[in-house]
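Listing of protein.txt, compact mmCIF, C-alpha atoms and all ligand atoms
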```
# COMPACT_ATOMS: atom_id res chain seq x y z
CA MET D 1 113.81 86.01 111.29
CA THR D 2 110.94 84.22 109.57
CA ALA D 3 111.54 82.69 106.17
CA GLN D 4 109.85 84.55 103.30
CA ALA D 5 106.73 82.86 102.01
CA LYS D 6 107.29 81.24 98.63
CA PRO D 7 105.64 83.40 95.98
CA ARG D 8 102.27 82.02 95.10
CA PHE D 9 101.52 84.32 92.21
CA ASN D 10 101.54 83.09 88.64
CA ILE D 11 104.23 83.57 86.09
CA LEU D 12 102.12 83.78 82.98
CA ASN D 13 103.10 81.98 79.86
CA HIS D 14 102.03 84.32 77.10
CA THR D 15 101.74 81.92 74.19
CA HIS D 16 99.71 83.13 71.32
CA LYS D 17 99.52 83.13 67.57
CA GLN D 18 99.01 86.69 66.58
CA THR D 19 96.96 87.48 63.53
CA GLN D 20 97.50 90.54 61.39
CA ILE D 21 94.08 92.09 60.94
CA GLY D 22 95.06 95.17 59.01
CA GLN D 23 97.64 97.88 58.69
CA ILE D 24 98.00 101.60 59.16
CA GLU D 25 99.58 103.42 56.24
CA SER D 26 102.46 105.72 57.10
CA PRO D 27 105.12 107.53 55.07
CA ASN D 28 107.64 104.98 56.43
CA GLY D 29 105.63 102.01 55.18
CA PRO D 30 102.63 100.06 56.48
CA ILE D 31 102.36 99.40 60.22
CA PRO D 32 100.86 95.98 61.05
CA LYS D 33 97.84 95.76 63.33
CA LEU D 34 98.06 92.52 65.27
CA SER D 35 95.16 91.01 67.11
CA ASP D 36 94.96 88.15 69.57
CA GLU D 37 94.26 87.30 73.18
CA PHE D 38 97.83 88.32 74.05
CA TRP D 39 97.14 87.89 77.73
CA THR D 40 94.49 86.00 79.60
CA ALA D 41 90.99 87.42 80.01
CA LYS D 42 90.76 85.68 83.39
CA GLN D 43 90.60 87.98 86.38
CA ARG D 44 93.15 88.29 89.20
CA GLN D 45 95.91 86.12 87.76
CA LEU D 46 98.93 88.09 88.98
CA HIS D 47 100.28 89.12 92.41
CA SER D 48 97.58 89.94 94.97
CA LEU D 49 99.14 93.39 95.57
CA HIS D 50 97.85 94.45 92.16
CA TYR D 51 94.26 94.09 93.32
CA ALA D 52 94.59 96.24 96.42
CA VAL D 53 92.81 99.32 95.08
CA SER D 54 90.22 99.78 92.32
CA TYR D 55 91.10 102.66 90.04
CA ARG D 56 89.12 104.05 87.16
CA ALA D 57 90.59 103.35 83.71
CA SER D 58 93.44 101.18 84.94
CA PHE D 59 94.82 98.42 82.76
CA LYS D 60 95.24 94.81 83.79
CA PRO D 61 98.72 93.94 85.12
CA GLU D 62 98.98 91.38 82.34
CA LEU D 63 99.45 94.25 79.88
CA PRO D 64 102.71 95.63 81.36
CA ASP D 65 103.74 92.05 82.22
CA PHE D 66 103.56 91.15 78.52
CA PHE D 67 105.69 94.06 77.31
CA ILE D 68 108.16 94.08 80.21
CA ARG D 69 108.99 90.42 79.70
CA LYS D 70 109.06 90.72 75.92
CA LEU D 71 111.27 93.81 75.77
CA THR D 72 113.47 94.10 78.87
CA LYS D 73 115.73 92.07 81.13
CA PRO D 74 116.17 92.06 84.92
CA GLY D 75 117.91 95.23 86.10
CA ASP D 76 116.47 97.39 83.30
CA THR D 77 114.42 100.49 84.06
CA VAL D 78 110.72 100.54 83.20
CA GLY D 79 108.76 103.78 83.38
CA ASP D 80 105.17 104.99 83.37
CA PRO D 81 104.51 108.77 83.21
CA PHE D 82 100.71 108.30 83.65
CA GLY D 83 100.94 105.90 86.57
CA GLY D 84 97.34 105.78 87.89
CA ARG D 85 97.34 103.07 90.54
CA GLY D 86 100.93 102.05 89.71
CA THR D 87 100.31 98.87 87.76
CA THR D 88 103.39 99.16 85.51
CA VAL D 89 105.75 100.07 88.34
CA LEU D 90 104.56 97.23 90.57
CA GLN D 91 104.83 94.64 87.79
CA ALA D 92 108.30 95.96 86.86
CA VAL D 93 109.43 95.54 90.48
CA ILE D 94 107.92 92.05 90.73
CA LEU D 95 109.90 91.11 87.61
CA ASP D 96 113.20 92.42 89.06
CA ARG D 97 113.26 95.64 87.07
CA ARG D 98 113.62 99.15 88.44
CA GLY D 99 110.39 101.13 88.27
CA MET D 100 110.05 104.84 87.44
CA GLY D 101 106.48 105.94 88.05
CA ASN D 102 104.75 109.27 87.77
CA ASP D 103 101.30 110.82 87.77
CA VAL D 104 100.13 114.37 88.11
CA ASN D 105 97.82 113.28 90.94
CA PRO D 106 99.50 112.70 94.35
CA LEU D 107 96.98 109.90 94.92
CA PHE D 108 99.21 107.82 92.62
CA GLU D 109 102.07 108.00 95.09
CA ARG D 110 99.81 107.26 98.09
CA ILE D 111 98.57 104.10 96.36
CA THR D 112 101.77 102.94 94.65
CA TYR D 113 104.43 103.47 97.33
CA PRO D 114 102.89 100.91 99.73
CA LYS D 115 102.45 98.38 96.94
CA ILE D 116 106.17 98.44 96.10
CA ASN D 117 107.13 98.69 99.79
CA PRO D 118 104.83 96.05 101.27
CA VAL D 119 104.97 95.21 104.96
CA SER D 120 104.11 92.08 106.93
CA ILE D 121 100.58 91.26 108.02
CA GLU D 122 101.84 90.99 111.61
CA GLY D 123 103.07 94.59 111.36
CA VAL D 124 99.66 95.72 110.12
CA GLU D 125 97.80 93.89 112.89
CA GLU D 126 100.04 95.24 115.62
CA ARG D 127 99.80 98.80 114.33
CA MET D 128 96.02 98.66 114.00
CA GLU D 129 95.78 97.49 117.60
CA SER D 130 97.88 100.45 118.77
CA ILE D 131 95.87 103.24 117.12
CA ASN D 132 92.96 104.60 119.13
CA LEU D 133 90.16 104.91 116.60
CA SER D 134 87.34 105.32 119.07
CA LYS D 135 88.35 108.76 120.44
CA ASP D 136 85.26 110.94 120.78
CA ARG D 137 85.00 113.88 118.45
CA ASP D 138 82.69 116.62 117.37
CA LEU D 139 81.48 115.94 113.83
CA SER D 140 79.76 119.29 113.33
CA GLY D 141 82.72 121.04 111.67
CA GLU D 142 83.59 118.08 109.44
CA GLU D 143 82.62 117.37 105.82
CA LYS D 144 79.06 116.02 105.83
CA MET D 145 79.37 112.35 104.91
CA ASN D 146 76.36 110.79 106.63
CA MET D 147 75.00 109.46 103.30
CA PHE D 148 78.10 107.23 103.06
CA TYR D 149 79.08 106.48 106.65
CA HIS D 150 77.44 105.63 109.97
CA PRO D 151 78.52 108.27 112.56
CA GLU D 152 80.60 105.70 114.48
CA THR D 153 82.37 104.53 111.31
CA TYR D 154 82.93 108.17 110.36
CA LYS D 155 84.44 108.96 113.74
CA GLU D 156 86.87 106.04 113.36
CA LEU D 157 87.78 107.15 109.86
CA LEU D 158 88.47 110.71 111.01
CA ASN D 159 90.65 109.42 113.85
CA LEU D 160 92.59 107.28 111.39
CA ARG D 161 92.92 110.19 109.02
CA ASP D 162 94.31 112.39 111.82
CA TYR D 163 96.74 109.68 112.88
CA LEU D 164 98.00 109.30 109.30
CA LYS D 165 98.71 113.01 109.01
CA SER D 166 101.65 112.73 111.37
CA ASN D 167 102.61 109.04 111.21
CA ARG D 168 104.19 108.04 107.93
CA ASP D 169 106.37 104.96 108.23
CA ASP D 170 105.93 102.08 105.76
CA ILE D 171 103.33 100.34 107.92
CA ASP D 172 101.30 103.56 108.27
CA ARG D 173 101.46 104.14 104.55
CA PHE D 174 100.37 100.57 103.88
CA LEU D 175 97.38 101.06 106.23
CA GLU D 176 96.51 104.25 104.42
CA MET D 177 96.49 102.49 101.04
CA ILE D 178 94.27 99.73 102.41
CA ALA D 179 91.95 102.33 103.96
CA ILE D 180 91.74 104.09 100.58
CA SER D 181 90.61 100.80 99.03
CA ARG D 182 87.79 100.43 101.57
CA LEU D 183 86.28 103.92 101.35
CA HIS D 184 83.30 103.01 99.15
CA GLY D 185 81.98 99.84 97.58
CA HIS D 186 79.17 97.36 97.37
CA SER D 187 79.96 94.70 99.97
CA THR D 188 80.09 94.77 103.74
CA GLY D 189 83.91 94.74 103.49
CA PHE D 190 83.74 98.47 102.71
CA PHE D 191 83.28 101.30 105.21
CA SER D 192 80.39 102.88 103.29
CA ALA D 193 76.78 101.98 102.69
CA TYR D 194 76.22 100.16 99.38
CA SER D 195 78.03 102.26 96.75
CA PHE D 196 80.33 101.95 93.72
CA PRO D 197 83.84 100.60 94.30
CA GLN D 198 85.63 102.12 91.28
CA ILE D 199 84.36 105.67 91.47
CA SER D 200 83.43 108.05 94.27
CA ILE D 201 79.89 109.01 93.36
CA PRO D 202 78.47 112.46 94.24
CA LYS D 203 76.66 112.82 97.58
CA GLU D 204 73.27 113.35 95.88
CA ASN D 205 73.61 110.03 94.04
CA GLN D 206 74.46 108.23 97.26
CA ILE D 207 71.37 109.72 98.91
CA LYS D 208 69.28 108.35 96.02
CA ILE D 209 70.84 104.89 96.32
CA ASN D 210 70.10 104.80 100.05
CA LYS D 211 66.52 105.88 99.40
CA THR D 212 65.95 103.29 96.66
CA ARG D 213 67.37 100.55 98.83
CA GLY D 214 65.51 101.86 101.88
CA VAL D 215 68.66 101.86 104.03
CA GLU D 216 70.79 104.17 106.13
CA PRO D 217 74.54 103.49 106.45
CA ASP D 218 75.12 100.85 109.13
CA TYR D 219 78.15 100.67 111.43
CA ARG D 220 81.23 99.19 109.72
CA GLU D 221 84.17 98.75 112.05
CA VAL D 222 87.31 100.17 110.42
CA LYS D 223 90.03 98.14 112.15
CA THR D 224 88.75 94.65 111.32
CA ARG D 225 88.07 95.61 107.72
CA ILE D 226 91.58 96.97 107.22
CA ILE D 227 93.18 93.86 108.68
CA LYS D 228 91.01 91.53 106.60
CA LYS D 229 91.74 93.36 103.36
CA ALA D 230 95.48 93.66 104.17
CA ARG D 231 95.59 89.90 104.68
CA SER D 232 94.12 89.27 101.23
CA VAL D 233 96.38 91.86 99.55
CA LEU D 234 99.47 90.29 101.16
CA LYS D 235 98.46 86.69 100.57
CA ASP D 236 100.89 86.10 97.69
CA GLY D 237 103.89 86.87 99.91
CA ASP D 238 107.37 87.89 98.68
CA GLU D 239 107.17 91.23 100.57
CA ARG D 240 110.86 91.38 101.39
CA ARG D 241 112.10 90.88 97.82
CA ILE D 242 109.48 93.29 96.44
CA SER D 243 110.35 96.03 98.92
CA GLU D 244 114.10 95.67 98.23
CA LEU D 245 113.43 96.40 94.56
CA GLY D 246 110.78 98.92 95.49
CA ARG D 247 113.37 100.98 97.33
CA LYS D 248 115.42 101.26 94.13
CA SER D 249 112.38 102.54 92.24
CA VAL D 250 111.36 106.18 91.99
CA LEU D 251 107.88 107.69 92.17
CA THR D 252 107.22 111.29 91.17
CA VAL D 253 104.24 113.62 91.02
CA GLN D 254 104.68 115.90 88.04
CA ASP D 255 103.22 116.69 84.65
CA ALA D 256 104.04 113.95 82.11
CA ARG D 257 104.97 116.73 79.70
CA ASP D 258 107.73 117.89 82.02
CA LEU D 259 109.32 115.04 83.98
CA ARG D 260 112.08 117.31 85.18
CA THR D 261 113.49 114.98 87.84
CA TRP D 262 113.82 112.06 85.41
CA LYS D 263 117.27 111.86 83.82
CA SER D 264 117.63 111.92 80.05
CA ASN D 265 118.49 108.56 78.39
CA SER D 266 117.69 106.59 81.53
CA VAL D 267 114.63 104.44 80.80
CA ASN D 268 114.65 101.22 78.73
CA LEU D 269 110.91 100.78 78.32
CA ILE D 270 107.79 102.84 78.99
CA VAL D 271 104.43 101.10 79.35
CA THR D 272 101.73 103.66 79.83
CA SER D 273 98.16 104.75 79.26
CA PRO D 274 97.32 108.45 79.05
CA PRO D 275 93.86 109.88 79.73
CA PHE D 276 91.67 109.13 76.71
CA LEU D 277 89.80 111.84 74.94
CA ASN D 278 87.37 113.02 77.62
CA GLN D 279 86.54 109.56 78.94
CA VAL D 280 87.07 109.85 82.66
CA ASP D 281 86.75 112.65 85.16
CA TYR D 282 89.72 112.03 87.44
CA PHE D 283 88.67 114.82 89.87
CA LEU D 284 85.10 113.87 90.46
CA ASP D 285 85.66 110.14 90.33
CA ASN D 286 88.19 110.21 93.16
CA TRP D 287 86.71 112.91 95.37
CA ILE D 288 86.35 110.71 98.49
CA GLU D 289 89.97 109.53 98.12
CA HIS D 290 91.11 113.16 97.76
CA TRP D 291 89.14 114.06 100.88
CA PHE D 292 90.59 111.16 102.89
CA CYS D 293 94.16 111.91 101.79
CA ASP D 294 93.70 115.66 102.12
CA ILE D 295 94.70 116.27 98.50
CA ASP D 296 93.91 119.76 97.30
CA ILE D 297 92.55 119.26 93.80
CA SER D 298 92.33 122.98 93.01
CA LYS D 299 96.09 122.90 92.41
CA LEU D 300 95.75 119.84 90.19
CA LYS D 301 93.18 121.29 87.88
CA GLU D 302 95.53 123.22 85.63
CA ARG D 303 97.75 120.23 84.99
CA LEU D 304 95.44 117.22 84.83
CA VAL D 305 94.45 117.09 81.19
CA GLN D 306 90.86 116.15 80.45
CA THR D 307 89.77 117.41 77.11
CA ALA D 308 87.09 116.62 74.56
CA ASP D 309 88.96 118.60 71.93
CA LEU D 310 90.85 116.29 69.57
CA ASP D 311 93.42 118.88 68.57
CA GLU D 312 94.19 119.74 72.19
CA TRP D 313 94.44 116.04 73.04
CA MET D 314 96.86 115.46 70.15
CA GLN D 315 99.04 118.34 71.32
CA PHE D 316 99.02 116.94 74.87
CA ILE D 317 100.03 113.45 73.67
CA SER D 318 102.65 114.91 71.37
CA ASP D 319 104.20 116.91 74.23
CA SER D 320 104.15 113.82 76.44
CA LEU D 321 105.81 111.77 73.67
CA ALA D 322 108.53 114.41 73.34
CA GLU D 323 109.27 114.02 77.06
CA ALA D 324 109.22 110.22 76.72
CA TYR D 325 111.75 110.61 73.89
CA ARG D 326 114.04 112.56 76.21
CA VAL D 327 113.99 110.04 79.08
CA LEU D 328 114.20 106.88 76.96
CA VAL D 329 117.55 105.44 75.90
CA LYS D 330 118.24 105.32 72.18
CA GLY D 331 116.56 102.16 70.88
CA GLY D 332 114.31 102.13 73.99
CA MET D 333 110.69 101.11 73.52
CA LEU D 334 107.38 102.77 74.31
CA ALA D 335 104.11 100.85 74.59
CA ILE D 336 101.23 103.29 74.83
CA GLU D 337 97.72 102.05 75.43
CA VAL D 338 94.71 103.96 74.15
CA GLY D 339 91.15 102.98 73.36
CA GLU D 340 88.38 103.63 70.96
CA VAL D 341 86.19 106.59 71.85
CA ARG D 342 83.05 108.20 70.57
CA TYR D 343 83.94 111.46 68.90
CA GLN D 344 81.48 113.69 67.05
CA GLY D 345 79.03 110.82 66.57
CA ARG D 346 81.52 108.24 65.32
CA ILE D 347 83.99 105.75 66.74
CA LEU D 348 87.54 107.05 66.74
CA ASN D 349 90.39 104.59 67.15
CA LEU D 350 92.91 106.58 69.11
CA ASP D 351 95.73 104.21 68.11
CA GLU D 352 95.49 105.60 64.58
CA THR D 353 95.54 109.15 65.94
CA VAL D 354 98.68 108.43 67.99
CA VAL D 355 100.41 106.74 65.06
CA SER D 356 99.70 109.76 62.87
CA LEU D 357 101.41 112.01 65.44
CA THR D 358 104.73 110.23 65.04
CA TRP D 359 105.18 111.35 61.47
CA ALA D 360 103.32 114.68 61.48
CA LYS D 361 105.80 117.59 61.14
CA ARG D 362 103.72 119.69 63.53
CA PHE D 363 104.18 117.06 66.23
CA ASN D 364 107.92 116.32 66.57
CA ALA D 365 108.13 113.96 63.58
CA GLY D 366 111.02 111.53 63.58
CA GLN D 367 111.39 110.82 67.30
CA PHE D 368 109.75 107.39 67.21
CA LYS D 369 109.40 104.56 64.72
CA VAL D 370 106.13 102.69 65.16
CA LYS D 371 106.73 98.93 65.07
CA GLU D 372 103.23 97.54 65.40
CA VAL D 373 99.82 98.02 66.96
CA TYR D 374 98.50 95.31 69.28
CA ILE D 375 94.78 94.86 69.74
CA GLN D 376 93.92 92.65 72.66
CA SER D 377 90.91 90.57 71.73
CA GLN D 378 89.21 88.58 74.42
CA GLU D 379 86.81 85.69 74.51
CA PHE D 380 83.92 87.86 75.62
CA THR D 381 84.60 90.15 72.67
CA LYS D 382 84.39 87.29 70.23
CA LEU D 383 81.19 86.09 71.85
CA ALA D 384 79.76 89.59 71.81
CA HIS D 385 80.41 89.73 68.08
CA CYS D 386 78.75 86.36 67.44
CA PHE D 387 75.61 87.50 69.16
CA ASN D 388 75.84 90.92 67.62
CA VAL D 389 76.06 92.54 71.03
CA LYS D 390 77.59 95.97 70.93
CA ASN D 391 79.20 96.07 74.36
CA ASN D 392 82.68 96.01 72.91
CA THR D 393 82.28 98.41 70.09
CA LEU D 394 81.09 101.53 71.84
CA GLY D 395 83.19 102.02 74.95
CA THR D 396 86.88 101.62 75.57
CA ASN D 397 86.76 97.90 76.13
CA SER D 398 89.48 96.96 73.68
CA ASN D 399 93.11 97.56 74.56
CA ARG D 400 94.95 99.14 71.64
CA ILE D 401 98.66 99.40 72.23
CA ILE D 402 101.04 101.18 69.92
CA LEU D 403 104.57 99.86 70.21
CA MET D 404 107.24 102.26 69.07
CA GLU D 405 110.99 102.54 69.18
CA ARG D 406 112.81 105.68 70.25
CA ILE D 407 115.08 106.63 67.37
C1 LIG V 501 94.33 105.92 82.06
S1 LIG V 501 94.92 106.46 83.62
C2 LIG V 501 96.32 105.46 83.87
C3 LIG V 501 95.99 104.17 84.58
C4 LIG V 501 97.18 103.26 84.80
N1 LIG V 501 97.66 102.69 83.55
C5 LIG V 501 96.81 102.12 85.77
O1 LIG V 501 96.79 100.96 85.37
O2 LIG V 501 96.49 102.42 86.92
C6 LIG V 501 95.59 108.01 83.21
C7 LIG V 501 96.29 108.75 84.35
O3 LIG V 501 96.85 109.94 83.80
C8 LIG V 501 96.92 110.90 84.84
N2 LIG V 501 97.16 112.23 84.23
C9 LIG V 501 96.29 113.08 83.64
N3 LIG V 501 96.92 114.19 83.19
C10 LIG V 501 98.25 114.01 83.48
C11 LIG V 501 99.43 114.78 83.25
N4 LIG V 501 99.37 115.97 82.64
N5 LIG V 501 100.61 114.28 83.67
C12 LIG V 501 100.68 113.08 84.32
N6 LIG V 501 99.59 112.32 84.57
C13 LIG V 501 98.39 112.76 84.14
C14 LIG V 501 95.59 110.73 85.57
O4 LIG V 501 95.69 111.22 86.90
C15 LIG V 501 95.39 109.20 85.49
O5 LIG V 501 95.83 108.58 86.68
```

Represent the structure from my file as structure tokens, please.
Ligand SMILES: C[S@@+](CC[C@H](N)C(=O)[O-])C[C@H]1O[C@@H](n2cnc3c(N)ncnc32)[C@H](O)[C@@H]1O
Amino acid sequence: MTAQAKPRFNILNHTHKQTQIGQIESPNGPIPKLSDEFWTAKQRQLHSLHYAVSYRASFKPELPDFFIRKLTKPGDTVGDPFGGRGTTVLQAVILDRRGMGNDVNPLFERITYPKINPVSIEGVEERMESINLSKDRDLSGEEKMNMFYHPETYKELLNLRDYLKSNRDDIDRFLEMIAISRLHGHSTGFFSAYSFPQISIPKENQIKINKTRGVEPDYREVKTRIIKKARSVLKDGDERRISELGRKSVLTVQDARDLRTWKSNSVNLIVTSPPFLNQVDYFLDNWIEHWFCDIDISKLKERLVQTADLDEWMQFISDSLAEAYRVLVKGGMLAIEVGEVRYQGRILNLDETVVSLTWAKRFNAGQFKVKEVYIQSQEFTKLAHCFNVKNNTLGTNSNRIILMERI
């Protein structure tokens, strides 16, 4: 048995002096708005597993790290009903907590399971050697993907996809997650021609990119790219300890408004980020991933909430909060991250909207007591303000986290 590599990832020391920059009035008294650089603005500071897959609208692992360490102890249960790429669950597991993760999109489970059940690089290499990716095949009946992939690359991808349909042990699932991360991007480490890493762009847009750059997709061997990426994702080690805790964690694919397999009074802390008011199109933006994983999005459409209607959004958040109330223990905490969005020609701070829900009679008043609102300010934000640059005032660049206690 080989000794486990010593973890090389950082344990962050979140030292900060928070500044109160305002307050939100509520019938239960003013709620302080605290601002600071609560966690580092530097990139890629935590375990390399976190950076396996790009996912639209994901938060930095430092965010759950901050709240998990502040509010729970080892052995506690930490949940995330809007799991995305599984950032909260993975950080909970890394910190010796039990993770409960959920998302309405099965892609969440495909990406998160392998991260909390990592395998060895030797296992990945051996498995990749044993799969025959060069089997000949007729591409005529397949989805037309020649704007993204060279025919040889596409053939290898289809062979891998077929293999993964009937081979599902932890190594296979890890390979699948790594393959998902390589489907489209801008460097030669990806399988596709030059494209966007975070979103799957429509075929027409990819055709335009190829035209502008004057290129056709070149051959990108699948096997070597998977092994190379797996090596970098596994470089921080600690696989055995992470997978032991990963096995105690639970991942589900259900609507956050109805987490029926989660027990009542079972979660100590939730750190989550729901879809913002009409910011991201989770169907379109992941269409290549859905294709590769054979996920039928027509069934998802009714449940995945993407709305530009404020009232509908508030009802959705309120219903999700009611379910969070049910699964949290009494005195348990909920950290919910939202942003600022453009709504009807103005900037709307969704933290204020969420706070208002907690005391509105129409929306289950009295289930939560809001403690404070955290606004993560970062160096680039401060700079942007000095130079009067608006990059941080129009999008959803700031993290606004409402911390509340389940009554
Ligand atoms: C802002 S993202 C979460 C990103 C996550 N915090 C991360 O770091 O990866 C919101 C997620 O909510 C999911 N979602 C949308 N509607 C949902 C619903 N009704 N129930 C559960 N999840 C839903 C989307 O699929 C998306 O992954």

Inset, instruction - Could you pull out the residues sitting within 9 Å of ligand LIG 501 (chain V), using all atoms listed in the file, and write them as a PyMOL selection string? - result: chain D and resi 54-61+64+80-88+102-108+253-259+271-276+280+282-283+302-306+316+320+337-338

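For the atom pair formed by atom CA of Trp359 of chain D and atom CA of Arg260 of chain D, the distance is 25.4 Å, given to one decimal.
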
With segment 126-136 of chain D as the partner and 7 Å as the cut-off, tabulate the residues of segment 153-271 of chain D that qualify, each row holding the nearest pair of atoms and their distance in Å to one decimal, using all atoms listed in the file, sorted by chain and rising number, as a Markdown table.
```
| residue | atom | partner | partner_atom | distance |
| --- | --- | --- | --- | --- |
| D:Glu156 | CA | D:Leu133 | CA | 4.8 |
| D:Asn159 | CA | D:Leu133 | CA | 5.3 |
| D:Leu160 | CA | D:Leu133 | CA | 6.2 |
| D:Lys223 | CA | D:Met128 | CA | 6.3 |
```

Next, write the just-selected residues to a file, as a tab-separated table (two decimals), in the coordinates of the input, keeping C-alpha atoms as the atom set.
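Resulting contents of again-v2.tsv:
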```
chain	number	residue	atom	x	y	z
D	156	GLU	CA	86.87	106.04	113.36
D	159	ASN	CA	90.65	109.42	113.85
D	160	LEU	CA	92.59	107.28	111.39
D	223	LYS	CA	90.03	98.14	112.15
```

Legend entry - Pairwise distance for atom CA of Arg326 of chain D and atom CA of Ser264 of chain D, rounded to one decimal in Å: 5.3 Å

Inset, instruction - Would you be able to write out as a PyMOL selection string which residues have an atom within 8 Å of (115.3, 98.7, 91.3) in the file's coordinates, counting only C-alpha atoms? - result: chain D and resi 75+77+93+96-99+244-249

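The space between atom CA of Asp218 of chain D and atom CA of Pro202 of chain D spans 19.2 Å.
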
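Once Gly123 of chain D and its same-chain neighbours fewer than 4 positions away are set aside, D:Pro118, D:Val119, D:Arg127, D:Met128, D:Glu129, D:Ser130, D:Asp169, D:Asp170, D:Ile171, D:Asp172, D:Arg173, D:Phe174, D:Leu175, D:Ile227, D:Ala230, D:Arg231, D:Leu234 remain within 12 Å of it when counting only C-alpha atoms.
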
Writing out the chosen residues with C-alpha atoms as a PDB file, keeping the file's coordinate frame:
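So the final result, stored in again15.pdb, reads:
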```
ATOM      1  CA  PRO D 118     104.830  96.050 101.270  1.00  0.00           C
ATOM      2  CA  VAL D 119     104.970  95.210 104.960  1.00  0.00           C
ATOM      3  CA  ARG D 127      99.800  98.800 114.330  1.00  0.00           C
ATOM      4  CA  MET D 128      96.020  98.660 114.000  1.00  0.00           C
ATOM      5  CA  GLU D 129      95.780  97.490 117.600  1.00  0.00           C
ATOM      6  CA  SER D 130      97.880 100.450 118.770  1.00  0.00           C
ATOM      7  CA  ASP D 169     106.370 104.960 108.230  1.00  0.00           C
ATOM      8  CA  ASP D 170     105.930 102.080 105.760  1.00  0.00           C
ATOM      9  CA  ILE D 171     103.330 100.340 107.920  1.00  0.00           C
ATOM     10  CA  ASP D 172     101.300 103.560 108.270  1.00  0.00           C
ATOM     11  CA  ARG D 173     101.460 104.140 104.550  1.00  0.00           C
ATOM     12  CA  PHE D 174     100.370 100.570 103.880  1.00  0.00           C
ATOM     13  CA  LEU D 175      97.380 101.060 106.230  1.00  0.00           C
ATOM     14  CA  ILE D 227      93.180  93.860 108.680  1.00  0.00           C
ATOM     15  CA  ALA D 230      95.480  93.660 104.170  1.00  0.00           C
ATOM     16  CA  ARG D 231      95.590  89.900 104.680  1.00  0.00           C
ATOM     17  CA  LEU D 234      99.470  90.290 101.160  1.00  0.00           C
TER      18      LEU D 234
END
```

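Residues with at least one atom no more than 10 Å from (83.4, 100.5, 112.3), using only C-alpha atoms, are Leu133, Ser134, Tyr149, His150, Pro151, Glu152, Thr153, Tyr154, Lys155, Glu156, Leu157, Phe190, Phe191, Ser192, Asp218, Tyr219, Arg220, Glu221, Val222, Lys223, Thr224 and Arg225 of chain D.
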
Inset, instruction - Counting only C-alpha atoms, figure out which residue out of D:Leu328, D:Ile31, D:Ile226, D:Val233 gets nearest to Asp351 of chain D. - result: D:Ile31

Listed atoms of segment 328-346 of chain D, axis-aligned box, 4 Å per side: centre and edge lengths to one decimal in Å, as JSON?
```
{"center_x": 98.6, "center_y": 107.3, "center_z": 71.1, "size_x": 47.2, "size_y": 20.8, "size_z": 19.6}
```

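For the set D:Ile201, D:Leu284, D:Leu310, D:Ile116, the residue with the smallest atom-to-atom gap to Met147 of chain D is D:Ile201, counting only C-alpha atoms.
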
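Candidate residues D:Lys330, D:Arg213, D:Lys263, D:Lys33 were compared for distance to Lys371 of chain D, and the nearest is D:Lys33, using all atoms listed in the file.
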
Inset, instruction - Find the residues around Ile295 of chain D up to 12 Å (only C-alpha atoms counted), leave out those fewer than 2 positions away in its own chain, and share them as a list in words. - result: Val104, Asn105, Pro106, Leu107, Phe108, Glu109, Arg110, Lys165, Phe283, Asn286, Trp287, Ile288, Glu289, His290, Trp291, Phe292, Cys293, Ile297, Ser298, Lys299, Leu300 and Lys301 of chain D

Inset, instruction - Considering all atoms listed in the file, state which residue in the set D:Ser398, D:Gln18, D:Ser48, D:Ser318 is at the smallest distance from Phe368 of chain D. - result: D:Ser318

Inset, instruction - Can you pull out every residue within 7 Å of Tyr194 of chain D, counting only C-alpha atoms, but drop anything in the same chain fewer than 4 positions away, and send it as JSON, numbers by chain? - result: {"D": [185, 186, 187]}

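Take the candidates D:Lys369, D:Arg342, D:Lys208, D:Arg362 and check each one against Leu277 of chain D using only C-alpha atoms; the shortest distance goes to D:Arg342.
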
Inset, instruction - Within 10 Å of Val354 of chain D, counting all atoms listed in the file, which residues show up once you throw out same-chain ones fewer than 6 positions away? Write them as a list in words, please. - result: Met314, Ile317, Ser318, Leu321, Ile336, Glu337, Val338, Val370, Ile401 and Ile402 of chain D

Take the residues that were just selected and, keeping C-alpha atoms, output them as a PDB file, in the frame of the given file.
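Written output follows (part.pdb):
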```pdb
ATOM      1  CA  MET D 314      96.860 115.460  70.150  1.00  0.00           C
ATOM      2  CA  ILE D 317     100.030 113.450  73.670  1.00  0.00           C
ATOM      3  CA  SER D 318     102.650 114.910  71.370  1.00  0.00           C
ATOM      4  CA  LEU D 321     105.810 111.770  73.670  1.00  0.00           C
ATOM      5  CA  ILE D 336     101.230 103.290  74.830  1.00  0.00           C
ATOM      6  CA  GLU D 337      97.720 102.050  75.430  1.00  0.00           C
ATOM      7  CA  VAL D 338      94.710 103.960  74.150  1.00  0.00           C
ATOM      8  CA  VAL D 370     106.130 102.690  65.160  1.00  0.00           C
ATOM      9  CA  ILE D 401      98.660  99.400  72.230  1.00  0.00           C
ATOM     10  CA  ILE D 402     101.040 101.180  69.920  1.00  0.00           C
TER      11      ILE D 402
END
```
